[in-house]
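**Student:** Provided herewith: coords-v9.pdb, PDB, C-alpha atoms and all ligand atoms.
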ATOM      1  CA  MET P  87      51.199   8.916   2.636
ATOM      2  CA  GLU P  88      54.271   9.483   0.551
ATOM      3  CA  ARG P  89      53.495   6.673  -1.873
ATOM      4  CA  PHE P  90      50.348   8.466  -3.034
ATOM      5  CA  ASP P  91      51.883  11.939  -3.167
ATOM      6  CA  HIS P  92      51.760  12.250  -6.935
ATOM      7  CA  LEU P  93      48.257  10.946  -7.397
ATOM      8  CA  HIS P  94      45.523  13.465  -8.185
ATOM      9  CA  VAL P  95      42.126  11.873  -7.569
ATOM     10  CA  GLY P  96      38.760  13.077  -8.861
ATOM     11  CA  VAL P  97      35.444  12.486  -7.131
ATOM     12  CA  LEU P  98      32.322  12.520  -9.293
ATOM     13  CA  ALA P  99      30.312  15.166  -7.449
ATOM     14  CA  LEU P 100      26.936  15.304  -9.186
ATOM     15  CA  GLN P 101      24.888  13.669  -6.452
ATOM     16  CA  GLY P 102      25.290  11.177  -3.599
ATOM     17  CA  ASP P 103      27.846  10.766  -0.829
ATOM     18  CA  TYR P 104      30.825  12.317  -2.619
ATOM     19  CA  GLU P 105      31.697  14.436   0.427
ATOM     20  CA  LEU P 106      32.407  11.287   2.436
ATOM     21  CA  HIS P 107      34.877  10.115  -0.200
ATOM     22  CA  GLU P 108      36.458  13.570  -0.154
ATOM     23  CA  HIS P 109      36.752  13.284   3.625
ATOM     24  CA  GLN P 110      38.559   9.930   3.311
ATOM     25  CA  LEU P 111      40.922  11.302   0.658
ATOM     26  CA  GLY P 112      41.551  14.202   3.037
ATOM     27  CA  LEU P 113      42.452  11.784   5.851
ATOM     28  CA  LEU P 114      45.194  10.402   3.607
ATOM     29  CA  GLY P 115      46.256  13.876   2.442
ATOM     30  CA  ILE P 116      45.518  13.023  -1.194
ATOM     31  CA  LYS P 117      45.263  15.802  -3.777
ATOM     32  CA  GLN P 118      41.669  15.802  -5.000
ATOM     33  CA  ARG P 119      39.209  17.555  -7.297
ATOM     34  CA  ARG P 120      35.428  17.493  -7.705
ATOM     35  CA  VAL P 121      34.327  16.314 -11.136
ATOM     36  CA  ARG P 122      31.226  18.002 -12.513
ATOM     37  CA  LEU P 123      32.297  18.955 -16.005
ATOM     38  CA  PRO P 124      34.313  17.098 -18.663
ATOM     39  CA  SER P 125      37.288  19.460 -18.182
ATOM     40  CA  ASP P 126      37.451  18.464 -14.501
ATOM     41  CA  LEU P 127      38.796  15.083 -15.641
ATOM     42  CA  ASN P 128      41.892  16.632 -17.203
ATOM     43  CA  ASP P 129      45.145  15.325 -15.731
ATOM     44  CA  LEU P 130      43.500  13.206 -13.037
ATOM     45  CA  GLY P 131      45.206   9.950 -12.121
ATOM     46  CA  ALA P 132      42.089   8.216 -10.794
ATOM     47  CA  LEU P 133      38.374   8.741 -10.237
ATOM     48  CA  ILE P 134      35.884   7.746  -7.535
ATOM     49  CA  MET P 135      32.199   7.333  -8.384
ATOM     50  CA  PRO P 136      30.193   7.564  -5.143
ATOM     51  CA  GLY P 137      27.027   5.939  -3.893
ATOM     52  CA  GLY P 138      23.751   7.758  -4.243
ATOM     53  CA  GLU P 139      20.833   7.462  -6.604
ATOM     54  CA  THR P 140      21.807   5.782  -9.855
ATOM     55  CA  THR P 141      18.915   7.170 -11.919
ATOM     56  CA  THR P 142      19.611  10.760 -10.876
ATOM     57  CA  MET P 143      23.335  10.381 -11.385
ATOM     58  CA  ALA P 144      22.863   8.925 -14.878
ATOM     59  CA  ILE P 145      20.571  11.817 -15.836
ATOM     60  CA  LEU P 146      23.116  14.357 -14.547
ATOM     61  CA  ILE P 147      25.992  12.567 -16.312
ATOM     62  CA  ASP P 148      24.159  13.078 -19.609
ATOM     63  CA  ARG P 149      23.059  16.608 -18.785
ATOM     64  CA  PHE P 150      26.615  17.690 -17.934
ATOM     65  CA  GLY P 151      28.045  16.066 -21.077
ATOM     66  CA  LEU P 152      30.048  13.612 -19.000
ATOM     67  CA  ARG P 153      29.075  10.288 -20.569
ATOM     68  CA  LYS P 154      31.735  10.025 -23.258
ATOM     69  CA  PRO P 155      34.480  11.714 -21.178
ATOM     70  CA  LEU P 156      33.825   9.291 -18.301
ATOM     71  CA  ILE P 157      33.872   6.288 -20.648
ATOM     72  CA  ASP P 158      37.099   7.500 -22.260
ATOM     73  CA  PHE P 159      38.657   8.115 -18.842
ATOM     74  CA  GLY P 160      37.600   4.689 -17.526
ATOM     75  CA  ARG P 161      39.017   2.864 -20.531
ATOM     76  CA  SER P 162      42.534   3.681 -19.420
ATOM     77  CA  GLN P 163      42.504   5.216 -15.949
ATOM     78  CA  PRO P 164      41.641   3.759 -12.530
ATOM     79  CA  VAL P 165      38.010   4.151 -11.467
ATOM     80  CA  TYR P 166      36.477   3.020  -8.163
ATOM     81  CA  GLY P 167      32.685   2.843  -7.904
ATOM     82  CA  THR P 168      30.768   2.239  -4.702
ATOM     83  CA  CYS P 169      27.119   1.153  -4.688
ATOM     84  CA  ALA P 170      25.386   3.436  -7.247
ATOM     85  CA  GLY P 171      28.890   3.950  -8.671
ATOM     86  CA  MET P 172      29.108   0.184  -9.187
ATOM     87  CA  VAL P 173      25.725   0.156 -10.965
ATOM     88  CA  LEU P 174      26.919   2.875 -13.339
ATOM     89  CA  LEU P 175      30.097   0.921 -14.133
ATOM     90  CA  ALA P 176      28.209  -2.299 -14.993
ATOM     91  CA  ARG P 177      27.719  -3.760 -18.442
ATOM     92  CA  HIS P 178      24.031  -4.476 -17.801
ATOM     93  CA  ILE P 179      21.389  -3.608 -15.179
ATOM     94  CA  GLU P 180      18.823  -6.328 -14.608
ATOM     95  CA  ASP P 181      15.139  -5.493 -14.412
ATOM     96  CA  ASN P 182      16.067  -1.949 -15.456
ATOM     97  CA  GLN P 183      12.682  -0.310 -14.978
ATOM     98  CA  ALA P 184      14.155   3.191 -14.722
ATOM     99  CA  GLY P 185      15.878   2.727 -18.080
ATOM    100  CA  VAL P 186      19.300   3.721 -16.729
ATOM    101  CA  ASN P 187      22.041   3.610 -19.338
ATOM    102  CA  PRO P 188      25.203   2.368 -17.554
ATOM    103  CA  LEU P 189      28.721   3.302 -18.662
ATOM    104  CA  GLN P 190      29.594  -0.378 -19.305
ATOM    105  CA  LEU P 191      33.163  -0.064 -18.109
ATOM    106  CA  MET P 192      33.108  -3.382 -16.236
ATOM    107  CA  ASP P 193      31.966  -6.794 -17.390
ATOM    108  CA  ILE P 194      29.408  -7.404 -14.640
ATOM    109  CA  ASP P 195      25.625  -7.414 -14.470
ATOM    110  CA  VAL P 196      23.887  -6.030 -11.400
ATOM    111  CA  LEU P 197      20.450  -5.949  -9.845
ATOM    112  CA  ARG P 198      19.734  -2.616  -8.181
ATOM    113  CA  ASN P 199      18.587  -2.847  -4.554
ATOM    114  CA  GLY P 200      19.406  -6.577  -4.761
ATOM    115  CA  TYR P 201      19.831  -6.774  -0.961
ATOM    116  CA  GLY P 202      16.486  -5.119  -0.254
ATOM    117  CA  ARG P 203      15.066  -1.688   0.338
ATOM    118  CA  GLN P 204      16.421   1.133   2.525
ATOM    119  CA  VAL P 205      14.805  -0.301   5.683
ATOM    120  CA  TYR P 206      16.773  -3.515   5.164
ATOM    121  CA  SER P 207      20.115  -1.691   5.179
ATOM    122  CA  PHE P 208      22.711  -3.522   7.260
ATOM    123  CA  GLU P 209      26.357  -3.596   8.258
ATOM    124  CA  GLU P 210      28.610  -6.619   8.007
ATOM    125  CA  THR P 211      32.226  -7.469   8.632
ATOM    126  CA  LEU P 212      33.643  -8.695   5.322
ATOM    127  CA  ARG P 213      36.859 -10.471   4.505
ATOM    128  CA  VAL P 214      38.384  -8.699   1.556
ATOM    129  CA  GLN P 215      41.395  -9.497  -0.575
ATOM    130  CA  ILE P 216      43.491  -6.382  -0.706
ATOM    131  CA  ALA P 217      47.084  -5.908  -1.808
ATOM    132  CA  SER P 218      48.578  -6.784   1.570
ATOM    133  CA  GLY P 219      46.454  -9.933   1.968
ATOM    134  CA  ILE P 220      43.068 -10.672   3.498
ATOM    135  CA  GLU P 221      41.678  -7.941   5.741
ATOM    136  CA  GLU P 222      38.451  -7.580   7.666
ATOM    137  CA  ILE P 223      36.485  -4.410   7.026
ATOM    138  CA  ARG P 224      33.114  -3.061   8.154
ATOM    139  CA  ALA P 225      30.815  -2.625   5.181
ATOM    140  CA  ALA P 226      27.437  -0.857   5.015
ATOM    141  CA  PHE P 227      24.914  -2.217   2.521
ATOM    142  CA  ILE P 228      22.371   0.507   1.748
ATOM    143  CA  ARG P 229      20.016  -0.456  -1.063
ATOM    144  CA  ALA P 230      23.072  -2.210  -2.397
ATOM    145  CA  PRO P 231      23.337  -3.684  -5.878
ATOM    146  CA  LYS P 232      23.738  -7.458  -6.182
ATOM    147  CA  VAL P 233      26.225  -8.716  -8.755
ATOM    148  CA  THR P 234      24.381 -11.305 -10.844
ATOM    149  CA  ARG P 235      26.987 -12.051 -13.503
ATOM    150  CA  LEU P 236      30.760 -11.795 -13.547
ATOM    151  CA  GLY P 237      32.722 -11.656 -16.787
ATOM    152  CA  SER P 238      35.622 -14.092 -17.064
ATOM    153  CA  ALA P 239      38.224 -11.325 -16.588
ATOM    154  CA  VAL P 240      36.629 -10.014 -13.385
ATOM    155  CA  GLU P 241      38.388 -10.824 -10.091
ATOM    156  CA  THR P 242      36.315 -11.338  -6.961
ATOM    157  CA  LEU P 243      37.931  -9.683  -3.953
ATOM    158  CA  SER P 244      35.130 -10.289  -1.449
ATOM    159  CA  VAL P 245      32.037 -12.467  -1.250
ATOM    160  CA  TYR P 246      28.941 -12.079   0.918
ATOM    161  CA  GLN P 247      26.273 -14.775   1.061
ATOM    162  CA  GLY P 248      27.546 -16.392  -2.123
ATOM    163  CA  SER P 249      27.623 -13.196  -4.219
ATOM    164  CA  ALA P 250      30.652 -11.146  -5.193
ATOM    165  CA  VAL P 251      30.511  -7.772  -3.419
ATOM    166  CA  LEU P 252      33.961  -6.378  -4.248
ATOM    167  CA  VAL P 253      35.177  -6.896  -7.803
ATOM    168  CA  ALA P 254      38.018  -5.705  -9.979
ATOM    169  CA  GLU P 255      38.712  -5.781 -13.669
ATOM    170  CA  LYS P 256      41.967  -4.259 -14.885
ATOM    171  CA  ASN P 257      41.779  -0.570 -13.882
ATOM    172  CA  ILE P 258      38.231  -0.722 -12.499
ATOM    173  CA  LEU P 259      37.274  -1.523  -8.880
ATOM    174  CA  ALA P 260      33.669  -1.716  -7.683
ATOM    175  CA  ALA P 261      32.004  -2.389  -4.330
ATOM    176  CA  SER P 262      28.335  -3.143  -3.650
ATOM    177  CA  PHE P 263      28.761  -1.583  -0.236
ATOM    178  CA  HIS P 264      30.082   1.564   1.448
ATOM    179  CA  THR P 265      33.188   1.876   3.598
ATOM    180  CA  GLU P 266      33.447   5.644   3.348
ATOM    181  CA  LEU P 267      30.807   6.200   6.059
ATOM    182  CA  GLU P 268      33.516   5.695   8.658
ATOM    183  CA  ASP P 269      37.191   6.523   8.887
ATOM    184  CA  ASP P 270      38.467   3.115   7.761
ATOM    185  CA  THR P 271      40.472   3.955   4.652
ATOM    186  CA  SER P 272      41.707   0.415   3.905
ATOM    187  CA  LEU P 273      39.614   0.015   0.752
ATOM    188  CA  LEU P 274      40.521   3.475  -0.492
ATOM    189  CA  ARG P 275      44.188   2.641   0.069
ATOM    190  CA  CYS P 276      43.650  -0.606  -1.824
ATOM    191  CA  PHE P 277      42.240   1.401  -4.755
ATOM    192  CA  LEU P 278      45.067   3.930  -4.661
ATOM    193  CA  SER P 279      47.678   1.154  -4.595
ATOM    194  CA  ARG P 280      46.001  -0.559  -7.524
ATOM    195  CA  SER P 281      45.951   2.787  -9.338
ATOM    196  CA  LEU P 282      49.687   3.268  -8.877
ATOM    197  CA  ASP P 283      50.423  -0.338  -9.835
ATOM    198  CA  ARG P 284      48.381   0.150 -13.013
ATOM    199  CA  GLN P 285      50.351   3.245 -13.908
ATOM    200  CA  VAL P 286      53.484   1.116 -13.636
ATOM    201  CA  VAL P 287      51.894  -1.689 -15.706
ATOM    202  CA  ASP P 288      50.721   0.808 -18.329
ATOM    203  CA  LYS P 289      54.240   2.184 -18.685
ATOM    204  CA  VAL P 290      55.724  -1.254 -19.396
ATOM    205  CA  PRO P 291      56.016  -1.493 -23.224
TER
HETATM  206  N1  LIG A   1      20.082   1.491  -4.839
HETATM  207  C1  LIG A   1      20.646   2.729  -5.221
HETATM  208  C2  LIG A   1      20.530   2.904  -6.711
HETATM  209  O1  LIG A   1      20.716   1.961  -7.437
HETATM  210  C3  LIG A   1      22.103   2.809  -4.831
HETATM  211  C4  LIG A   1      22.211   2.968  -3.338
HETATM  212  C5  LIG A   1      23.523   3.466  -2.857
HETATM  213  O2  LIG A   1      24.327   3.985  -3.624
HETATM  214  N2  LIG A   1      23.706   3.357  -1.575
HETATM  215  O3  LIG A   1      20.261   3.996  -7.140
END
Is it possible to express this structure as structure tokens?
Ligand code: GLN

**Tutor:**
Amino acid sequence: MERFDHLHVGVLALQGDYELHEHQLGLLGIKQRRVRLPSDLNDLGALIMPGGETTTMAILIDRFGLRKPLIDFGRSQPVYGTCAGMVLLARHIEDNQAGVNPLQLMDIDVLRNGYGRQVYSFEETLRVQIASGIEEIRAAFIRAPKVTRLGSAVETLSVYQGSAVLVAEKNILAASFHTELEDDTSLLRCFLSRSLDRQVVDKVP
């Protein structure tokens, strides 16, 4: 994967399925680092925020002093959040009984577990808009967040049952679902391409 040779990607590794993202990065031979402390963000070109348990992850983000560093990183650098990662990127969490404080890096509102509880987990084939055009991917929805509001600058890259499930806003990409459970790296490659394209955009005066 020559194109991605110079990219150093961090994976937020506080809780959740970060090892599966690491596995996918490994399949593409991407240089990677676990992010657990603010200094782990130094010199990274992009960051992945995995699925897991949003409440726990938010508590650990604050405990490890990562809130401001993550917000600062996400204001300029590419970040890809899946499932709980998407919830943490949102501007607002509806019906937020756990009192989770999201990072507000993306202008979307979400409802946690909006597709139902764990027992209602399902897989679907989705049509997604990625750099090379429309592709079909297998997506796992596991207590997935439902996007309930999209800011005007947010692009919808995939829709399921009338709701956006893959969204992008400038340097931020977020998916309600998981694709890292299997070896299909198309969405990861989409993120990495967007990350490189952003670096080019950011360098244009
Ligand atoms: N519903 C979970 C939460 O909001 C996220 C589930 C997931 O990441 N698969 O904490």

**Student:** Could you give me the axis-aligned bounding box of stretch 269-284 of chain P, with 8 Å of padding per side, as centre plus edge lengths in Å to one decimal, as lines of an AutoDock Vina configuration file?

**Tutor:**
center_x = 43.8
center_y = 3.0
center_z = -2.1
size_x = 29.2
size_y = 23.1
size_z = 37.9

**Student:** Counting only C-alpha atoms, which of P:Gln204, P:Ser281, P:Asn187, P:Ser218 gets nearest to P:Ile134?

**Tutor:** P:Ser281

**Student:** Counting all atoms listed in the file, what are the residues, protein, DNA or RNA alike, that approach ligand LIG 1 (chain A) to within 9 Å? I want them as a PDB file with C-alpha atoms, keeping the file's coordinate frame.

**Tutor:**
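The result, stored in selection-v4.pdb:
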ATOM      1  CA  GLY P 102      25.290  11.177  -3.599  1.00  0.00           C
ATOM      2  CA  ASP P 103      27.846  10.766  -0.829  1.00  0.00           C
ATOM      3  CA  PRO P 136      30.193   7.564  -5.143  1.00  0.00           C
ATOM      4  CA  GLY P 137      27.027   5.939  -3.893  1.00  0.00           C
ATOM      5  CA  GLY P 138      23.751   7.758  -4.243  1.00  0.00           C
ATOM      6  CA  GLU P 139      20.833   7.462  -6.604  1.00  0.00           C
ATOM      7  CA  THR P 140      21.807   5.782  -9.855  1.00  0.00           C
ATOM      8  CA  THR P 141      18.915   7.170 -11.919  1.00  0.00           C
ATOM      9  CA  THR P 142      19.611  10.760 -10.876  1.00  0.00           C
ATOM     10  CA  MET P 143      23.335  10.381 -11.385  1.00  0.00           C
ATOM     11  CA  THR P 168      30.768   2.239  -4.702  1.00  0.00           C
ATOM     12  CA  CYS P 169      27.119   1.153  -4.688  1.00  0.00           C
ATOM     13  CA  ALA P 170      25.386   3.436  -7.247  1.00  0.00           C
ATOM     14  CA  GLY P 171      28.890   3.950  -8.671  1.00  0.00           C
ATOM     15  CA  MET P 172      29.108   0.184  -9.187  1.00  0.00           C
ATOM     16  CA  VAL P 173      25.725   0.156 -10.965  1.00  0.00           C
ATOM     17  CA  LEU P 174      26.919   2.875 -13.339  1.00  0.00           C
ATOM     18  CA  LEU P 197      20.450  -5.949  -9.845  1.00  0.00           C
ATOM     19  CA  ARG P 198      19.734  -2.616  -8.181  1.00  0.00           C
ATOM     20  CA  ASN P 199      18.587  -2.847  -4.554  1.00  0.00           C
ATOM     21  CA  GLY P 200      19.406  -6.577  -4.761  1.00  0.00           C
ATOM     22  CA  GLY P 202      16.486  -5.119  -0.254  1.00  0.00           C
ATOM     23  CA  ARG P 203      15.066  -1.688   0.338  1.00  0.00           C
ATOM     24  CA  GLN P 204      16.421   1.133   2.525  1.00  0.00           C
ATOM     25  CA  ALA P 226      27.437  -0.857   5.015  1.00  0.00           C
ATOM     26  CA  PHE P 227      24.914  -2.217   2.521  1.00  0.00           C
ATOM     27  CA  ILE P 228      22.371   0.507   1.748  1.00  0.00           C
ATOM     28  CA  ARG P 229      20.016  -0.456  -1.063  1.00  0.00           C
ATOM     29  CA  ALA P 230      23.072  -2.210  -2.397  1.00  0.00           C
ATOM     30  CA  PRO P 231      23.337  -3.684  -5.878  1.00  0.00           C
ATOM     31  CA  SER P 262      28.335  -3.143  -3.650  1.00  0.00           C
ATOM     32  CA  PHE P 263      28.761  -1.583  -0.236  1.00  0.00           C
ATOM     33  CA  HIS P 264      30.082   1.564   1.448  1.00  0.00           C
TER      34      HIS P 264
END

**Student:** Would you list the residues near (40.3, 8.1, -18.0), meaning any protein, DNA or RNA residue with an atom at most 12 Å from that point in file coordinates, counting only C-alpha atoms, as an MDAnalysis selection string?

**Tutor:** chainID P and resid 95:96 124:134 152:166 191 257:258 281 285

**Student:** With all atoms listed in the file as the atoms that count, which of P:Arg280, P:Arg122, P:Lys232, P:His109 lies nearest to P:Asp148?

**Tutor:**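 Of P:Arg280, P:Arg122, P:Lys232, P:His109, the one nearest P:Asp148, counting all atoms listed in the file, is P:Arg122.
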
**Student:** Have a look at P:Thr271, P:Gln101, P:Gln215, P:Thr242 and name the one nearest to P:Ile116; count only C-alpha atoms.

**Tutor:**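 Distance minimum relative to P:Ile116 lands on P:Thr271.
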
**Student:** Rank nothing, just name the residue among P:Ala217, P:Ile194, P:Leu106, P:Met135 nearest to P:Asp283, using only C-alpha atoms.

**Tutor:**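 Closest residue, counting only C-alpha atoms: P:Ala217.
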
**Student:** Hey, what comes out of the PyMOL selection byres (((chain P and resi 216) around 10) and not hetatm) on this file? Could you write it as number ranges by chain?

**Tutor:** P: 213-215, 217-222, 243-244, 272-273, 275-277, 279-280

**Student:** Using all atoms listed in the file, can you tell me which of P:Leu123, P:Leu282, P:Ala225, P:Ala239 comes closest to P:Leu267?

**Tutor:** P:Ala225
